[in-house]
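Everything below belongs to structure-v3.txt, which stores compact mmCIF, C-alpha atoms.
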```
# COMPACT_ATOMS: atom_id res chain seq x y z
CA MET A 284 0.00 0.00 0.00
CA ASP A 285 1.16 3.54 -0.72
CA VAL A 286 2.75 5.24 2.27
CA LEU A 287 0.59 8.36 1.91
CA VAL A 288 -2.58 6.24 1.86
CA GLU A 289 -1.40 4.43 5.00
CA LEU A 290 -0.63 7.76 6.67
CA GLU A 291 -4.04 9.16 5.71
CA ASN A 292 -5.74 6.02 7.08
CA ALA A 293 -3.82 6.39 10.34
CA LYS A 294 -4.79 10.07 10.56
CA GLN A 295 -8.46 9.28 9.95
CA LYS A 296 -8.38 6.61 12.69
CA GLY A 297 -6.89 9.09 15.15
CA VAL A 298 -3.46 7.46 15.43
CA PRO A 299 -1.29 10.05 17.21
CA LEU A 300 2.22 8.58 16.92
CA VAL A 301 3.68 7.33 13.62
CA CYS A 302 7.12 6.39 12.37
CA ILE A 303 7.79 6.14 8.64
CA GLU A 304 10.85 4.30 7.39
CA THR A 305 11.93 5.89 4.12
CA MET A 306 14.95 6.11 1.84
CA ASP A 307 14.20 9.76 1.05
CA GLN A 308 12.92 11.85 3.96
CA ILE A 309 12.97 15.13 2.02
CA SER A 310 10.84 13.84 -0.86
CA LEU A 311 8.42 12.17 1.54
CA MET A 312 8.11 15.33 3.62
CA LYS A 313 7.25 17.28 0.45
CA SER A 314 4.74 14.61 -0.57
CA ILE A 315 3.07 14.76 2.84
CA GLY A 316 2.84 18.55 2.46
CA LEU A 317 1.22 18.19 -0.97
CA LYS A 318 -1.12 15.42 0.14
CA PHE A 319 -2.51 17.22 3.16
CA LYS A 320 -2.10 20.78 1.81
CA GLU A 321 -4.22 23.07 3.97
CA ASP A 322 -6.35 20.34 5.57
CA TYR A 323 -4.05 20.23 8.58
CA GLY A 324 -1.45 22.44 10.19
CA LEU A 325 1.87 20.89 9.15
CA VAL A 326 5.11 21.79 10.89
CA LEU A 327 8.58 20.39 10.41
CA TRP A 328 11.22 20.02 13.09
CA ASP A 329 14.85 19.29 12.35
CA VAL A 330 17.99 19.63 14.43
CA VAL A 331 19.39 22.47 12.29
CA ASN A 332 16.39 24.77 11.89
CA SER A 333 14.10 23.79 14.78
CA PHE A 334 10.49 24.45 13.69
CA SER A 335 9.36 25.59 10.26
CA ALA A 336 5.92 25.91 8.72
CA ILE A 337 5.11 23.60 5.81
CA ASN A 338 1.80 25.21 4.84
CA ASN A 339 -0.24 28.37 5.38
CA THR A 340 -2.32 26.80 8.13
CA SER A 341 0.77 26.20 10.25
CA ARG A 342 2.02 29.75 9.72
CA GLN A 343 -0.86 30.84 11.96
CA PHE A 344 0.54 29.01 14.99
CA ILE A 345 4.26 28.43 14.29
CA GLN A 346 5.21 31.26 16.68
CA SER A 347 3.71 29.30 19.60
CA LEU A 348 6.23 26.48 19.05
CA SER A 349 9.81 26.39 20.28
CA GLY A 350 12.57 23.97 21.08
CA ASP A 351 16.08 23.53 19.76
CA ARG A 352 16.24 20.15 21.50
CA LEU A 353 13.78 17.54 20.25
CA GLU A 354 12.28 16.73 23.64
CA GLU A 355 11.56 20.46 24.12
CA ALA A 356 10.06 20.70 20.63
CA ILE A 357 7.79 17.70 21.24
CA SER A 358 6.60 19.21 24.51
CA SER A 359 6.01 22.51 22.74
CA ALA A 360 3.92 20.69 20.11
CA GLU A 361 1.24 20.50 22.78
CA ASN A 362 0.50 24.09 21.63
CA MET A 363 -0.47 22.97 18.14
CA PRO A 364 -4.17 23.29 17.34
CA GLU A 365 -6.44 20.32 16.74
CA ARG A 366 -5.73 18.18 13.65
CA SER A 367 -2.13 19.44 13.34
CA MET A 368 0.82 17.29 12.37
CA MET A 369 4.47 17.58 13.45
CA ILE A 370 7.02 15.96 11.13
CA ILE A 371 10.44 15.16 12.62
CA LEU A 372 13.39 14.63 10.27
CA ASN A 373 16.02 12.04 11.23
CA ALA A 374 13.92 10.95 14.19
CA HIS A 375 15.64 7.55 14.14
CA ARG A 376 18.74 9.30 15.52
CA PHE A 377 16.87 10.63 18.58
CA ILE A 378 14.11 8.18 19.46
CA GLN A 379 16.26 6.01 21.76
CA ASP A 380 17.04 9.01 23.98
CA SER A 381 15.03 8.66 27.19
CA MET A 382 13.98 12.31 27.22
CA VAL A 383 12.75 12.13 23.62
CA SER A 384 10.90 8.84 24.08
CA THR A 385 9.29 10.17 27.26
CA ALA A 386 8.21 13.38 25.52
CA ILE A 387 6.65 11.33 22.71
CA MET A 388 4.98 8.94 25.14
CA LYS A 389 3.47 11.85 27.10
CA ARG A 390 1.81 13.24 23.95
CA ARG A 391 -0.10 10.02 23.18
CA GLU A 392 -3.36 10.78 24.97
CA SER A 393 -3.64 14.51 24.32
CA PHE A 394 -2.74 14.10 20.65
CA LYS A 395 -5.27 11.32 20.21
CA GLU A 396 -7.99 13.46 21.84
CA ASN A 397 -7.35 16.40 19.51
CA HIS A 398 -6.51 14.44 16.35
CA ARG A 399 -2.93 15.69 16.29
CA MET A 400 -0.06 13.55 15.06
CA ILE A 401 3.69 13.24 15.42
CA ILE A 402 5.29 11.77 12.30
CA CYS A 403 8.84 10.53 12.82
CA LEU A 404 10.78 10.13 9.58
CA GLY A 405 13.93 8.05 9.39
CA SER A 406 15.72 5.30 7.56
CA TYR A 407 15.01 2.62 10.19
CA PHE A 408 13.32 2.53 13.59
CA ASP A 409 14.18 0.32 16.53
CA LEU A 410 11.64 1.68 18.99
CA PRO A 411 12.44 1.72 22.69
CA ARG A 412 10.29 -0.67 24.70
CA GLU A 413 8.15 2.10 26.15
CA LEU A 414 7.00 3.16 22.66
CA ARG A 415 6.60 -0.22 20.94
CA ASN A 416 2.90 -0.47 21.75
CA ASP A 417 2.14 3.21 21.21
CA MET A 418 3.62 3.91 17.77
CA ILE A 419 2.90 2.40 14.40
CA ILE A 420 5.65 1.98 11.82
CA ILE A 421 4.89 2.49 8.15
CA ILE A 422 7.52 1.30 5.70
CA GLU A 423 7.87 3.12 2.40
CA GLU A 424 8.71 0.59 -0.26
CA ALA A 425 11.40 1.20 -2.86
CA PRO A 426 10.11 2.62 -6.16
CA THR A 427 8.58 0.11 -8.54
CA ASP A 428 10.14 -0.71 -11.90
CA GLU A 429 7.35 1.32 -13.51
CA GLN A 430 8.22 4.38 -11.40
CA LEU A 431 11.93 3.97 -12.17
CA ARG A 432 11.15 3.60 -15.89
CA LYS A 433 9.03 6.75 -15.90
CA ASN A 434 11.77 8.61 -14.01
CA ALA A 435 14.47 7.40 -16.42
CA ASP A 436 12.35 8.28 -19.46
CA SER A 437 11.78 11.84 -18.20
CA LEU A 438 15.51 12.25 -17.51
CA LEU A 439 16.35 11.09 -21.02
CA SER A 440 13.71 13.36 -22.53
CA ALA A 441 15.04 16.34 -20.57
CA ALA A 442 18.50 15.59 -21.98
CA ASN A 443 17.04 15.27 -25.51
CA VAL A 444 18.12 11.62 -25.67
CA VAL A 445 15.92 9.20 -27.57
CA SER A 446 15.03 6.33 -25.29
CA SER A 447 14.59 2.73 -26.25
CA THR A 448 13.26 -0.27 -24.39
CA LYS A 449 16.80 -1.61 -24.03
CA ILE A 450 18.14 1.64 -22.57
CA LEU A 451 15.18 2.01 -20.19
CA ASP A 452 15.46 -1.64 -19.09
CA SER A 453 19.14 -1.12 -18.40
CA MET A 454 18.50 2.07 -16.41
CA VAL A 455 15.76 0.39 -14.36
CA SER A 456 18.02 -2.56 -13.63
CA ALA A 457 20.87 -0.27 -12.55
CA THR A 458 18.70 1.78 -10.20
CA ARG A 459 16.42 -0.90 -8.72
CA GLY A 460 16.34 -0.61 -4.92
CA LEU A 461 17.28 3.09 -4.89
CA SER A 462 15.07 6.07 -4.10
CA LEU A 463 13.92 8.12 -7.09
CA PHE A 464 16.28 10.92 -6.06
CA ASN A 465 19.24 8.53 -5.93
CA ALA A 466 18.21 7.00 -9.26
CA GLU A 467 18.35 10.47 -10.84
CA GLN A 468 21.93 10.93 -9.66
CA ILE A 469 23.30 7.85 -11.43
```

Go ahead and express the file in the form of structure tokens.
Amino acid sequence: MDVLVELENAKQKGVPLVCIETMDQISLMKSIGLKFKEDYGLVLWDVVNSFSAINNTSRQFIQSLSGDRLEEAISSAENMPERSMMIILNAHRFIQDSMVSTAIMKRRESFKENHRMIICLGSYFDLPRELRNDMIIIIEEAPTDEQLRKNADSLLSAANVVSSTKILDSMVSATRGLSLFNAEQI
């Protein structure tokens, strides 16, 4: 199942705590922003920039959020309005920290009540025991051969190179298992 469909299903069911394993956090973050547009307040937290607004809805409340350290940011997310979503980049690097896991755990009930969500993005999650029954993990699959073929064909077209089935098959074979962004770099 498509990761955005799974995320939307989780949101509709009121799931407050989600981890998504992905090969390309930046592309997925952008896709989440496009998928949910103005339906929800979407904020991003990363270790370099702290909080940033992803859409216009979140610009209305971004000033009420603070926290250079992730556990502070998660606690501050309590100030987000109903139906808001907080996306955390590289969360896999922080989630084992006891202060971070406790901050996440303490948001479970209040976020469920107000249909808010924390979305942890990372390459792989080994959840601490205290979060294993509270968080769901969604795994983004590698691009399909069809997606890789379409990507390769558009790259060739942009370079004014005539594609053939043999060339496209070769490009798909060479990039299988990579993210679309990585496939474009080869």

Around (7.7, 19.8, 12.7) in the file's frame, which residues reach within 8 Å when counting all atoms listed in the file? Return as a ChimeraX atom specification? /A:325-329,333-336,368-371

Dump as a PDB file, keeping the file's coordinate frame, selection limited to C-alpha atoms:
```pdb
ATOM      1  CA  LEU A 325       1.870  20.890   9.150  1.00  0.00           C
ATOM      2  CA  VAL A 326       5.110  21.790  10.890  1.00  0.00           C
ATOM      3  CA  LEU A 327       8.580  20.390  10.410  1.00  0.00           C
ATOM      4  CA  TRP A 328      11.220  20.020  13.090  1.00  0.00           C
ATOM      5  CA  ASP A 329      14.850  19.290  12.350  1.00  0.00           C
ATOM      6  CA  SER A 333      14.100  23.790  14.780  1.00  0.00           C
ATOM      7  CA  PHE A 334      10.490  24.450  13.690  1.00  0.00           C
ATOM      8  CA  SER A 335       9.360  25.590  10.260  1.00  0.00           C
ATOM      9  CA  ALA A 336       5.920  25.910   8.720  1.00  0.00           C
ATOM     10  CA  MET A 368       0.820  17.290  12.370  1.00  0.00           C
ATOM     11  CA  MET A 369       4.470  17.580  13.450  1.00  0.00           C
ATOM     12  CA  ILE A 370       7.020  15.960  11.130  1.00  0.00           C
ATOM     13  CA  ILE A 371      10.440  15.160  12.620  1.00  0.00           C
TER      14      ILE A 371
END
```

Which residue out of A:Tyr323, A:Phe344, A:Phe377, A:Phe464 has the minimum interatomic distance to Pro426 in chain A when all atoms listed in the file are used? A:Phe464

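Compared by their closest atoms to Cys403 in chain A, and using only C-alpha atoms, the residues A:Leu372, A:Asp307, A:Met388, A:Gln379 rank with A:Leu372 nearest.
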
Pairwise distance for CA of Pro364 in chain A and CA of His398 in chain A, rounded to one decimal in Å: 9.2 Å

List as JSON, numbers by chain the protein and nucleic acid residues near Ala466 in chain A, meaning an atom at most 9 Å away when all atoms listed in the file are counted, but skip any in the same chain fewer than 3 places from it. {"A": [431, 434, 435, 454, 455, 457, 458, 459, 460, 461, 462, 463, 469]}

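Rounded to one decimal, CA of Glu304 in chain A and CA of Val330 in chain A lie 18.3 Å from each other.
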
Which distance in Å separates CA of Gln430 in chain A and CA of Ile401 in chain A, to one decimal? 28.6 Å

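For Ser358 in chain A, the non-local neighbours within 9 Å, defined as residues at least 2 positions apart in the same chain or in other chains and counting all atoms listed in the file, are Ser349, Gly350, Leu353, Glu354, Glu355, Ala356, Ala360, Glu361, Asn362, Ala386, Ile387, Lys389 and Arg390 of chain A.
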
List the spatial neighbours of range 412-423 of chain A as a compact mmCIF listing (two decimals) with C-alpha atoms, keeping the file's coordinate frame - criterion: any atom at most 7 Å away, all atoms listed in the file, same-chain residues fewer than 5 positions off excluded.
```
# COMPACT_ATOMS: atom_id res chain seq x y z
CA VAL A 286 2.75 5.24 2.27
CA LEU A 300 2.22 8.58 16.92
CA VAL A 301 3.68 7.33 13.62
CA CYS A 302 7.12 6.39 12.37
CA ILE A 303 7.79 6.14 8.64
CA GLU A 304 10.85 4.30 7.39
CA THR A 305 11.93 5.89 4.12
CA MET A 388 4.98 8.94 25.14
```

Using all atoms listed in the file, I'd like a table of the residues in range 305-374 of chain A that come within 9 Å of range 289-292 of chain A; for each, show the closest atom pair and its distance in Å rounded to one decimal, ordered by chain and ascending number, as JSON lines.
```
{"residue": "A:Ile315", "atom": "CA", "partner": "A:Leu290", "partner_atom": "CA", "distance": 8.8}
{"residue": "A:Lys318", "atom": "CA", "partner": "A:Glu291", "partner_atom": "CA", "distance": 8.9}
{"residue": "A:Phe319", "atom": "CA", "partner": "A:Glu291", "partner_atom": "CA", "distance": 8.6}
```

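Distances here use only C-alpha atoms; by that measure, the residue among A:Leu410, A:Val331, A:Ala374, A:Leu404 closest to Ile309 in chain A is A:Leu404.
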
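The nearest approach to Glu429 in chain A among the residues A:Ser456, A:Gln295, A:Ser310, A:Gln468, with only C-alpha atoms taken into account, belongs to A:Ser456.
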
Residue rebuild result range 415-426 of chain A, N, CA, C and O atoms as an mmCIF file, in the frame of the given file:
```
data_model
loop_
_atom_site.group_PDB
_atom_site.id
_atom_site.type_symbol
_atom_site.label_atom_id
_atom_site.label_comp_id
_atom_site.auth_asym_id
_atom_site.auth_seq_id
_atom_site.Cartn_x
_atom_site.Cartn_y
_atom_site.Cartn_z
ATOM 1 N N ARG A 415 6.934 0.854 21.888
ATOM 2 C CA ARG A 415 6.600 -0.220 20.940
ATOM 3 C C ARG A 415 5.107 -0.463 20.792
ATOM 4 O O ARG A 415 4.654 -0.861 19.730
ATOM 5 N N ASN A 416 4.342 -0.250 21.834
ATOM 6 C CA ASN A 416 2.900 -0.470 21.750
ATOM 7 C C ASN A 416 2.114 0.810 21.481
ATOM 8 O O ASN A 416 0.892 0.763 21.365
ATOM 9 N N ASP A 417 2.814 1.923 21.400
ATOM 10 C CA ASP A 417 2.140 3.210 21.210
ATOM 11 C C ASP A 417 2.305 3.777 19.800
ATOM 12 O O ASP A 417 1.521 4.621 19.392
ATOM 13 N N MET A 418 3.327 3.347 19.095
ATOM 14 C CA MET A 418 3.620 3.910 17.770
ATOM 15 C C MET A 418 3.419 2.852 16.698
ATOM 16 O O MET A 418 3.700 1.681 16.918
ATOM 17 N N ILE A 419 2.941 3.304 15.544
ATOM 18 C CA ILE A 419 2.900 2.400 14.400
ATOM 19 C C ILE A 419 4.075 2.755 13.486
ATOM 20 O O ILE A 419 4.523 3.910 13.451
ATOM 21 N N ILE A 420 4.564 1.759 12.786
ATOM 22 C CA ILE A 420 5.650 1.980 11.820
ATOM 23 C C ILE A 420 5.117 1.674 10.434
ATOM 24 O O ILE A 420 4.582 0.589 10.184
ATOM 25 N N ILE A 421 5.248 2.646 9.554
ATOM 26 C CA ILE A 421 4.890 2.490 8.150
ATOM 27 C C ILE A 421 6.195 2.426 7.371
ATOM 28 O O ILE A 421 7.096 3.244 7.589
ATOM 29 N N ILE A 422 6.298 1.461 6.483
ATOM 30 C CA ILE A 422 7.520 1.300 5.700
ATOM 31 C C ILE A 422 7.250 1.701 4.251
ATOM 32 O O ILE A 422 6.377 1.127 3.603
ATOM 33 N N GLU A 423 7.980 2.703 3.799
ATOM 34 C CA GLU A 423 7.870 3.120 2.400
ATOM 35 C C GLU A 423 8.694 2.173 1.546
ATOM 36 O O GLU A 423 9.899 2.033 1.755
ATOM 37 N N GLU A 424 8.030 1.534 0.617
ATOM 38 C CA GLU A 424 8.710 0.590 -0.260
ATOM 39 C C GLU A 424 9.578 1.333 -1.271
ATOM 40 O O GLU A 424 9.331 2.497 -1.592
ATOM 41 N N ALA A 425 10.564 0.639 -1.790
ATOM 42 C CA ALA A 425 11.400 1.200 -2.860
ATOM 43 C C ALA A 425 10.519 1.431 -4.089
ATOM 44 O O ALA A 425 9.495 0.767 -4.268
ATOM 45 N N PRO A 426 10.905 2.369 -4.947
ATOM 46 C CA PRO A 426 10.110 2.620 -6.160
ATOM 47 C C PRO A 426 9.967 1.352 -7.004
ATOM 48 O O PRO A 426 10.877 0.524 -7.064
#
```
